[in-house]
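Novice: I am sharing data-v1.tsv, which consists of TSV, N, CA and C atoms:
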chain	number	residue	atom	x	y	z
A	1	MET	N	-0.50	11.92	1.48
A	1	MET	CA	-1.49	11.50	0.51
A	1	MET	C	-1.00	10.28	-0.27
A	2	PHE	N	0.29	10.29	-0.70
A	2	PHE	CA	0.80	9.17	-1.46
A	2	PHE	C	0.89	7.92	-0.60
A	3	GLY	N	1.05	8.10	0.71
A	3	GLY	CA	1.05	6.96	1.61
A	3	GLY	C	-0.28	6.24	1.58
A	4	SER	N	-1.37	7.00	1.52
A	4	SER	CA	-2.69	6.36	1.47
A	4	SER	C	-2.91	5.67	0.13
A	5	VAL	N	-2.35	6.22	-0.95
A	5	VAL	CA	-2.45	5.59	-2.26
A	5	VAL	C	-1.69	4.27	-2.24
A	6	ARG	N	-0.47	4.28	-1.69
A	6	ARG	CA	0.32	3.05	-1.60
A	6	ARG	C	-0.38	2.00	-0.75
A	7	LYS	N	-0.98	2.45	0.35
A	7	LYS	CA	-1.69	1.53	1.24
A	7	LYS	C	-2.88	0.89	0.51
A	8	ALA	N	-3.65	1.72	-0.19
A	8	ALA	CA	-4.80	1.20	-0.94
A	8	ALA	C	-4.35	0.25	-2.04
A	9	CYS	N	-3.29	0.61	-2.73
A	9	CYS	CA	-2.77	-0.26	-3.79
A	9	CYS	C	-2.28	-1.57	-3.21
A	10	GLY	N	-1.64	-1.52	-2.05
A	10	GLY	CA	-1.16	-2.73	-1.40
A	10	GLY	C	-2.31	-3.66	-1.06
A	11	ARG	N	-3.39	-3.09	-0.54
A	11	ARG	CA	-4.57	-3.90	-0.23
A	11	ARG	C	-5.16	-4.49	-1.51
A	12	TRP	N	-5.23	-3.70	-2.57
A	12	TRP	CA	-5.79	-4.17	-3.83
A	12	TRP	C	-4.94	-5.30	-4.40
A	13	ARG	N	-3.62	-5.11	-4.40
A	13	ARG	CA	-2.73	-6.13	-4.94
A	13	ARG	C	-2.80	-7.41	-4.12
A	14	GLY	N	-2.87	-7.26	-2.78
A	14	GLY	CA	-2.97	-8.44	-1.93
A	14	GLY	C	-4.24	-9.22	-2.21
A	15	ALA	N	-5.34	-8.51	-2.35
A	15	ALA	CA	-6.62	-9.16	-2.66
A	15	ALA	C	-6.57	-9.80	-4.04
A	16	TRP	N	-5.95	-9.12	-4.99
A	16	TRP	CA	-5.88	-9.64	-6.36
A	16	TRP	C	-5.06	-10.92	-6.39
A	17	HIS	N	-3.90	-10.91	-5.73
A	17	HIS	CA	-3.06	-12.10	-5.72
A	17	HIS	C	-3.75	-13.25	-4.99
A	18	ALA	N	-4.48	-12.96	-3.94
A	18	ALA	CA	-5.20	-14.00	-3.22
A	18	ALA	C	-6.29	-14.61	-4.10
A	19	ARG	N	-6.94	-13.76	-4.90
A	19	ARG	CA	-8.03	-14.23	-5.76
A	19	ARG	C	-7.51	-14.99	-6.97
A	20	SER	N	-6.42	-14.49	-7.57
A	20	SER	CA	-5.96	-15.07	-8.82
A	20	SER	C	-4.87	-16.11	-8.63
A	21	GLY	N	-4.30	-16.19	-7.45
A	21	GLY	CA	-3.20	-17.12	-7.21
A	21	GLY	C	-1.89	-16.42	-7.47
A	22	ALA	N	-1.04	-16.37	-6.48
A	22	ALA	CA	0.24	-15.67	-6.61
A	22	ALA	C	1.06	-16.26	-7.74
A	23	GLY	N	1.69	-15.37	-8.49
A	23	GLY	CA	2.58	-15.79	-9.55
A	23	GLY	C	1.89	-16.13	-10.85
A	24	GLY	N	0.58	-16.06	-10.90
A	24	GLY	CA	-0.12	-16.35	-12.15
A	24	GLY	C	0.12	-15.27	-13.17
A	25	ASN	N	0.09	-15.65	-14.43
A	25	ASN	CA	0.33	-14.65	-15.46
A	25	ASN	C	-0.94	-14.20	-16.15
A	26	GLY	N	-2.08	-14.68	-15.68
A	26	GLY	CA	-3.34	-14.20	-16.23
A	26	GLY	C	-3.75	-14.86	-17.52
A	27	THR	N	-3.00	-15.89	-17.96
A	27	THR	CA	-3.36	-16.53	-19.21
A	27	THR	C	-4.19	-17.77	-19.02
A	28	ALA	N	-4.37	-18.22	-17.78
A	28	ALA	CA	-5.17	-19.40	-17.53
A	28	ALA	C	-6.59	-19.17	-18.00
A	29	GLY	N	-7.18	-20.21	-18.54
A	29	GLY	CA	-8.55	-20.11	-19.00
A	29	GLY	C	-8.67	-19.67	-20.43
A	30	GLN	N	-7.55	-19.37	-21.07
A	30	GLN	CA	-7.62	-18.92	-22.45
A	30	GLN	C	-7.49	-20.07	-23.44
A	31	GLY	N	-7.04	-21.19	-22.95
A	31	GLY	CA	-6.89	-22.34	-23.84
A	31	GLY	C	-7.45	-23.57	-23.18
A	32	PRO	N	-7.33	-24.72	-23.85
A	32	PRO	CA	-7.83	-25.96	-23.27
A	32	PRO	C	-7.10	-26.28	-21.97
A	33	GLY	N	-7.85	-26.66	-20.95
A	33	GLY	CA	-7.27	-27.03	-19.67
A	33	GLY	C	-6.63	-25.86	-18.95
A	34	GLY	N	-7.08	-24.65	-19.22
A	34	GLY	CA	-6.45	-23.46	-18.66
A	34	GLY	C	-6.84	-23.13	-17.25
A	35	GLY	N	-7.71	-23.89	-16.62
A	35	GLY	CA	-8.03	-23.64	-15.23
A	35	GLY	C	-9.26	-22.78	-15.04
A	36	GLY	N	-9.84	-22.21	-16.10
A	36	GLY	CA	-11.10	-21.50	-15.97
A	36	GLY	C	-11.01	-20.03	-15.63
A	37	ARG	N	-9.84	-19.49	-15.37
A	37	ARG	CA	-9.76	-18.06	-15.07
A	37	ARG	C	-9.91	-17.26	-16.34
A	38	ARG	N	-10.56	-16.11	-16.23
A	38	ARG	CA	-10.75	-15.26	-17.39
A	38	ARG	C	-9.54	-14.36	-17.58
A	39	PRO	N	-9.27	-13.90	-18.78
A	39	PRO	CA	-8.16	-12.97	-18.98
A	39	PRO	C	-8.48	-11.62	-18.35
A	40	ARG	N	-7.44	-10.89	-17.97
A	40	ARG	CA	-7.64	-9.57	-17.35
A	40	ARG	C	-8.05	-8.56	-18.40
A	41	ASN	N	-8.82	-7.55	-17.98
A	41	ASN	CA	-9.20	-6.50	-18.91
A	41	ASN	C	-8.27	-5.31	-18.74
A	42	LEU	N	-8.42	-4.31	-19.57
A	42	LEU	CA	-7.49	-3.19	-19.57
A	42	LEU	C	-7.57	-2.37	-18.28
A	43	PHE	N	-8.73	-2.31	-17.63
A	43	PHE	CA	-8.82	-1.54	-16.39
A	43	PHE	C	-8.15	-2.26	-15.24
A	44	GLU	N	-8.24	-3.59	-15.21
A	44	GLU	CA	-7.51	-4.35	-14.20
A	44	GLU	C	-6.00	-4.20	-14.42
A	45	ALA	N	-5.59	-4.24	-15.66
A	45	ALA	CA	-4.18	-4.06	-15.98
A	45	ALA	C	-3.70	-2.66	-15.57
A	46	ALA	N	-4.50	-1.64	-15.86
A	46	ALA	CA	-4.13	-0.27	-15.51
A	46	ALA	C	-4.03	-0.11	-14.00
A	47	ALA	N	-4.99	-0.65	-13.26
A	47	ALA	CA	-4.96	-0.54	-11.80
A	47	ALA	C	-3.74	-1.25	-11.23
A	48	ALA	N	-3.46	-2.45	-11.72
A	48	ALA	CA	-2.29	-3.19	-11.24
A	48	ALA	C	-1.00	-2.46	-11.60
A	49	TYR	N	-0.93	-1.92	-12.80
A	49	TYR	CA	0.26	-1.20	-13.26
A	49	TYR	C	0.52	0.04	-12.41
A	50	VAL	N	-0.51	0.84	-12.16
A	50	VAL	CA	-0.36	2.07	-11.38
A	50	VAL	C	0.02	1.72	-9.94
A	51	CYS	N	-0.62	0.71	-9.37
A	51	CYS	CA	-0.29	0.32	-8.00
A	51	CYS	C	1.14	-0.18	-7.91
A	52	ALA	N	1.58	-0.94	-8.88
A	52	ALA	CA	2.95	-1.43	-8.89
A	52	ALA	C	3.94	-0.27	-9.04
A	53	CYS	N	3.60	0.70	-9.87
A	53	CYS	CA	4.46	1.89	-10.01
A	53	CYS	C	4.55	2.65	-8.70
A	54	ALA	N	3.41	2.81	-8.02
A	54	ALA	CA	3.39	3.53	-6.75
A	54	ALA	C	4.21	2.81	-5.69
A	55	ALA	N	4.26	1.49	-5.76
A	55	ALA	CA	5.01	0.69	-4.79
A	55	ALA	C	6.44	0.43	-5.25
A	56	ASP	N	6.81	0.95	-6.41
A	56	ASP	CA	8.14	0.73	-7.00
A	56	ASP	C	8.44	-0.76	-7.12
A	57	ASP	N	7.46	-1.50	-7.64
A	57	ASP	CA	7.52	-2.95	-7.78
A	57	ASP	C	7.71	-3.29	-9.25
A	58	GLN	N	8.97	-3.44	-9.68
A	58	GLN	CA	9.26	-3.66	-11.10
A	58	GLN	C	8.65	-4.96	-11.60
A	59	GLU	N	8.64	-5.99	-10.78
A	59	GLU	CA	8.05	-7.26	-11.20
A	59	GLU	C	6.55	-7.10	-11.47
A	60	GLY	N	5.86	-6.37	-10.58
A	60	GLY	CA	4.43	-6.11	-10.78
A	60	GLY	C	4.18	-5.25	-12.00
A	61	ILE	N	5.04	-4.27	-12.24
A	61	ILE	CA	4.92	-3.42	-13.43
A	61	ILE	C	5.02	-4.26	-14.69
A	62	ASP	N	6.04	-5.11	-14.74
A	62	ASP	CA	6.24	-5.95	-15.92
A	62	ASP	C	5.08	-6.92	-16.13
A	63	GLU	N	4.57	-7.49	-15.03
A	63	GLU	CA	3.46	-8.43	-15.14
A	63	GLU	C	2.21	-7.73	-15.68
A	64	ALA	N	1.85	-6.61	-15.09
A	64	ALA	CA	0.65	-5.89	-15.52
A	64	ALA	C	0.79	-5.40	-16.95
A	65	ALA	N	1.98	-4.98	-17.34
A	65	ALA	CA	2.20	-4.48	-18.70
A	65	ALA	C	2.02	-5.59	-19.74
A	66	GLY	N	2.18	-6.84	-19.32
A	66	GLY	CA	2.01	-7.95	-20.25
A	66	GLY	C	0.58	-8.42	-20.41
A	67	TRP	N	-0.34	-7.92	-19.61
A	67	TRP	CA	-1.72	-8.39	-19.66
A	67	TRP	C	-2.48	-7.87	-20.87
A	68	VAL	N	-2.15	-6.68	-21.33
A	68	VAL	CA	-2.87	-6.07	-22.46
A	68	VAL	C	-1.85	-5.39	-23.36
A	69	SER	N	-2.31	-4.91	-24.50
A	69	SER	CA	-1.40	-4.20	-25.42
A	69	SER	C	-0.96	-2.88	-24.80
A	70	PRO	N	0.17	-2.34	-25.23
A	70	PRO	CA	0.62	-1.04	-24.71
A	70	PRO	C	-0.41	0.07	-24.92
A	71	GLU	N	-1.11	0.03	-26.05
A	71	GLU	CA	-2.12	1.06	-26.32
A	71	GLU	C	-3.28	0.96	-25.34
A	72	ALA	N	-3.72	-0.27	-25.07
A	72	ALA	CA	-4.82	-0.47	-24.12
A	72	ALA	C	-4.39	-0.07	-22.71
A	73	LEU	N	-3.16	-0.41	-22.34
A	73	LEU	CA	-2.66	-0.03	-21.02
A	73	LEU	C	-2.60	1.49	-20.88
A	74	SER	N	-2.14	2.16	-21.92
A	74	SER	CA	-2.08	3.62	-21.91
A	74	SER	C	-3.46	4.23	-21.74
A	75	PHE	N	-4.44	3.70	-22.46
A	75	PHE	CA	-5.81	4.18	-22.33
A	75	PHE	C	-6.33	3.95	-20.91
A	76	GLY	N	-6.08	2.77	-20.36
A	76	GLY	CA	-6.54	2.45	-19.01
A	76	GLY	C	-5.91	3.33	-17.95
A	77	VAL	N	-4.61	3.57	-18.07
A	77	VAL	CA	-3.92	4.44	-17.11
A	77	VAL	C	-4.45	5.86	-17.22
A	78	ASN	N	-4.69	6.33	-18.43
A	78	ASN	CA	-5.25	7.66	-18.63
A	78	ASN	C	-6.64	7.77	-17.99
A	79	GLU	N	-7.47	6.77	-18.20
A	79	GLU	CA	-8.82	6.77	-17.62
A	79	GLU	C	-8.75	6.74	-16.09
A	80	LEU	N	-7.86	5.94	-15.55
A	80	LEU	CA	-7.68	5.88	-14.10
A	80	LEU	C	-7.23	7.23	-13.55
A	81	ALA	N	-6.29	7.87	-14.23
A	81	ALA	CA	-5.80	9.18	-13.80
A	81	ALA	C	-6.94	10.21	-13.81
A	82	CYS	N	-7.73	10.21	-14.86
A	82	CYS	CA	-8.84	11.16	-14.94
A	82	CYS	C	-9.83	10.95	-13.81
A	83	ARG	N	-10.19	9.69	-13.57
A	83	ARG	CA	-11.14	9.39	-12.51
A	83	ARG	C	-10.58	9.75	-11.14
A	84	ALA	N	-9.30	9.49	-10.93
A	84	ALA	CA	-8.68	9.80	-9.63
A	84	ALA	C	-8.64	11.30	-9.38
A	85	VAL	N	-8.29	12.08	-10.39
A	85	VAL	CA	-8.24	13.53	-10.25
A	85	VAL	C	-9.64	14.09	-9.98
A	86	VAL	N	-10.63	13.60	-10.69
A	86	VAL	CA	-12.00	14.07	-10.47
A	86	VAL	C	-12.46	13.71	-9.06
A	87	ALA	N	-12.17	12.49	-8.61
A	87	ALA	CA	-12.58	12.07	-7.27
A	87	ALA	C	-11.90	12.92	-6.20
A	88	LEU	N	-10.60	13.16	-6.35
A	88	LEU	CA	-9.89	14.00	-5.38
A	88	LEU	C	-10.41	15.43	-5.41
A	89	ALA	N	-10.70	15.94	-6.59
A	89	ALA	CA	-11.22	17.31	-6.70
A	89	ALA	C	-12.55	17.43	-5.98
A	90	ARG	N	-13.41	16.45	-6.15
A	90	ARG	CA	-14.71	16.48	-5.46
A	90	ARG	C	-14.51	16.39	-3.95
A	91	GLU	N	-13.61	15.51	-3.53
A	91	GLU	CA	-13.35	15.34	-2.10
A	91	GLU	C	-12.81	16.61	-1.46
A	92	ARG	N	-11.97	17.31	-2.19
A	92	ARG	CA	-11.35	18.54	-1.67
A	92	ARG	C	-12.15	19.79	-1.99
A	93	ASP	N	-13.19	19.66	-2.78
A	93	ASP	CA	-13.99	20.80	-3.23
A	93	ASP	C	-13.11	21.82	-3.96
A	94	GLU	N	-12.27	21.31	-4.86
A	94	GLU	CA	-11.38	22.13	-5.69
A	94	GLU	C	-11.60	21.73	-7.14
A	95	SER	N	-11.01	22.50	-8.03
A	95	SER	CA	-11.13	22.16	-9.45
A	95	SER	C	-10.14	21.04	-9.79
A	96	PRO	N	-10.48	20.21	-10.79
A	96	PRO	CA	-9.55	19.17	-11.22
A	96	PRO	C	-8.19	19.73	-11.65
A	97	ARG	N	-8.19	20.91	-12.26
A	97	ARG	CA	-6.93	21.52	-12.69
A	97	ARG	C	-6.02	21.78	-11.49
A	98	ILE	N	-6.56	22.33	-10.41
A	98	ILE	CA	-5.76	22.61	-9.22
A	98	ILE	C	-5.21	21.31	-8.64
A	99	VAL	N	-6.06	20.31	-8.53
A	99	VAL	CA	-5.64	19.02	-7.97
A	99	VAL	C	-4.56	18.39	-8.84
A	100	ALA	N	-4.74	18.36	-10.15
A	100	ALA	CA	-3.76	17.75	-11.04
A	100	ALA	C	-2.41	18.45	-10.94
A	101	ARG	N	-2.42	19.77	-10.93
A	101	ARG	CA	-1.17	20.51	-10.83
A	101	ARG	C	-0.48	20.26	-9.48
A	102	GLU	N	-1.28	20.17	-8.43
A	102	GLU	CA	-0.71	19.90	-7.11
A	102	GLU	C	-0.09	18.50	-7.05
A	103	LEU	N	-0.78	17.51	-7.61
A	103	LEU	CA	-0.26	16.14	-7.63
A	103	LEU	C	1.06	16.05	-8.38
A	104	LEU	N	1.19	16.84	-9.42
A	104	LEU	CA	2.41	16.82	-10.22
A	104	LEU	C	3.49	17.76	-9.68
A	105	GLY	N	3.18	18.47	-8.62
A	105	GLY	CA	4.17	19.38	-8.03
A	105	GLY	C	4.38	20.65	-8.83
A	106	LEU	N	3.38	21.04	-9.59
A	106	LEU	CA	3.47	22.25	-10.40
A	106	LEU	C	2.94	23.45	-9.63
A	107	PRO	N	3.43	24.64	-9.91
A	107	PRO	CA	2.90	25.82	-9.24
A	107	PRO	C	1.46	26.10	-9.69
A	108	PRO	N	0.68	26.77	-8.86
A	108	PRO	CA	-0.69	27.10	-9.27
A	108	PRO	C	-0.70	27.89	-10.57
A	109	ALA	N	-1.69	27.63	-11.39
A	109	ALA	CA	-1.77	28.29	-12.71
A	109	ALA	C	-2.24	29.72	-12.55
Rewrite the coordinates I just gave you, this time as structure tokens.

Specialist:
Amino acid sequence: MFGSVRKACGRWRGAWHARSGAGGNGTAGQGPGGGGRRPRNLFEAAAAYVCACAADDQEGIDEAAGWVSPEALSFGVNELACRAVVALARERDESPRIVARELLGLPPA
């Protein structure tokens, strides 16, 4: 299961870097002559952060963590986790509690 998450994150990161330009810090477009790119939002930061964590990519983790405040990143990661657990629970026809505990390696409640 984690292999499919890593694969999906890899595709997402590849597409993101292709779209935004490799090595960009996401600040372009915020000032005069910035190139016209918009700043990243907290959900983009959360997705990039989680994907980088899944791939054990410290550079990606640091980059995504710099896009928004720590509080916003925490909120985004929490929202992503909730949505992922709900989606997996629906896919497996199980309760979110069972799926969350299984993902964390906890014994059934």

Novice: CA of Glu71 (chain A) and CA of Phe43 (chain A) are how many Å apart?

Specialist: 12.3 Å

Novice: Record the distance separating CA of Arg90 (chain A) and atom C of Pro70 (chain A), expressed in Å with one decimal.

Specialist: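 Calculated distance between CA of Arg90 (chain A) and atom C of Pro70 (chain A) is 29.2 Å.
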
Novice: Using only C-alpha atoms, which of A:Pro108, A:Leu42, A:Ala54, A:Arg83 sits nearest Trp67 (chain A)?

Specialist: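 The shortest atom-to-atom distance to Trp67 (chain A) comes from A:Leu42.
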
Novice: Report, in Å with one decimal, the straight-line distance from CA of Glu102 (chain A) to atom C of Cys53 (chain A).

Specialist: 18.1 Å

Novice: Restricting the calculation to only C-alpha atoms, which member of A:Ile61, A:Ala45, A:Gly105, A:Val50 is positioned closest to Ala84 (chain A)?

Specialist: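 Closest candidate: A:Val50.
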
Novice: Hey, which of A:Cys9, A:Val86, A:Ala46, A:Leu103 ends up closest to Leu73 (chain A)? Count all atoms listed in the file.

Specialist: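 Closest to Leu73 (chain A), using all atoms listed in the file: A:Ala46.
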
Novice: With only N, CA and C atoms as the atoms that count, which of A:Ala65, A:Leu104, A:Ala109, A:Ala87 lies nearest to Tyr49 (chain A)?

Specialist: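 Among the listed residues, A:Ala65 lies closest to Tyr49 (chain A).
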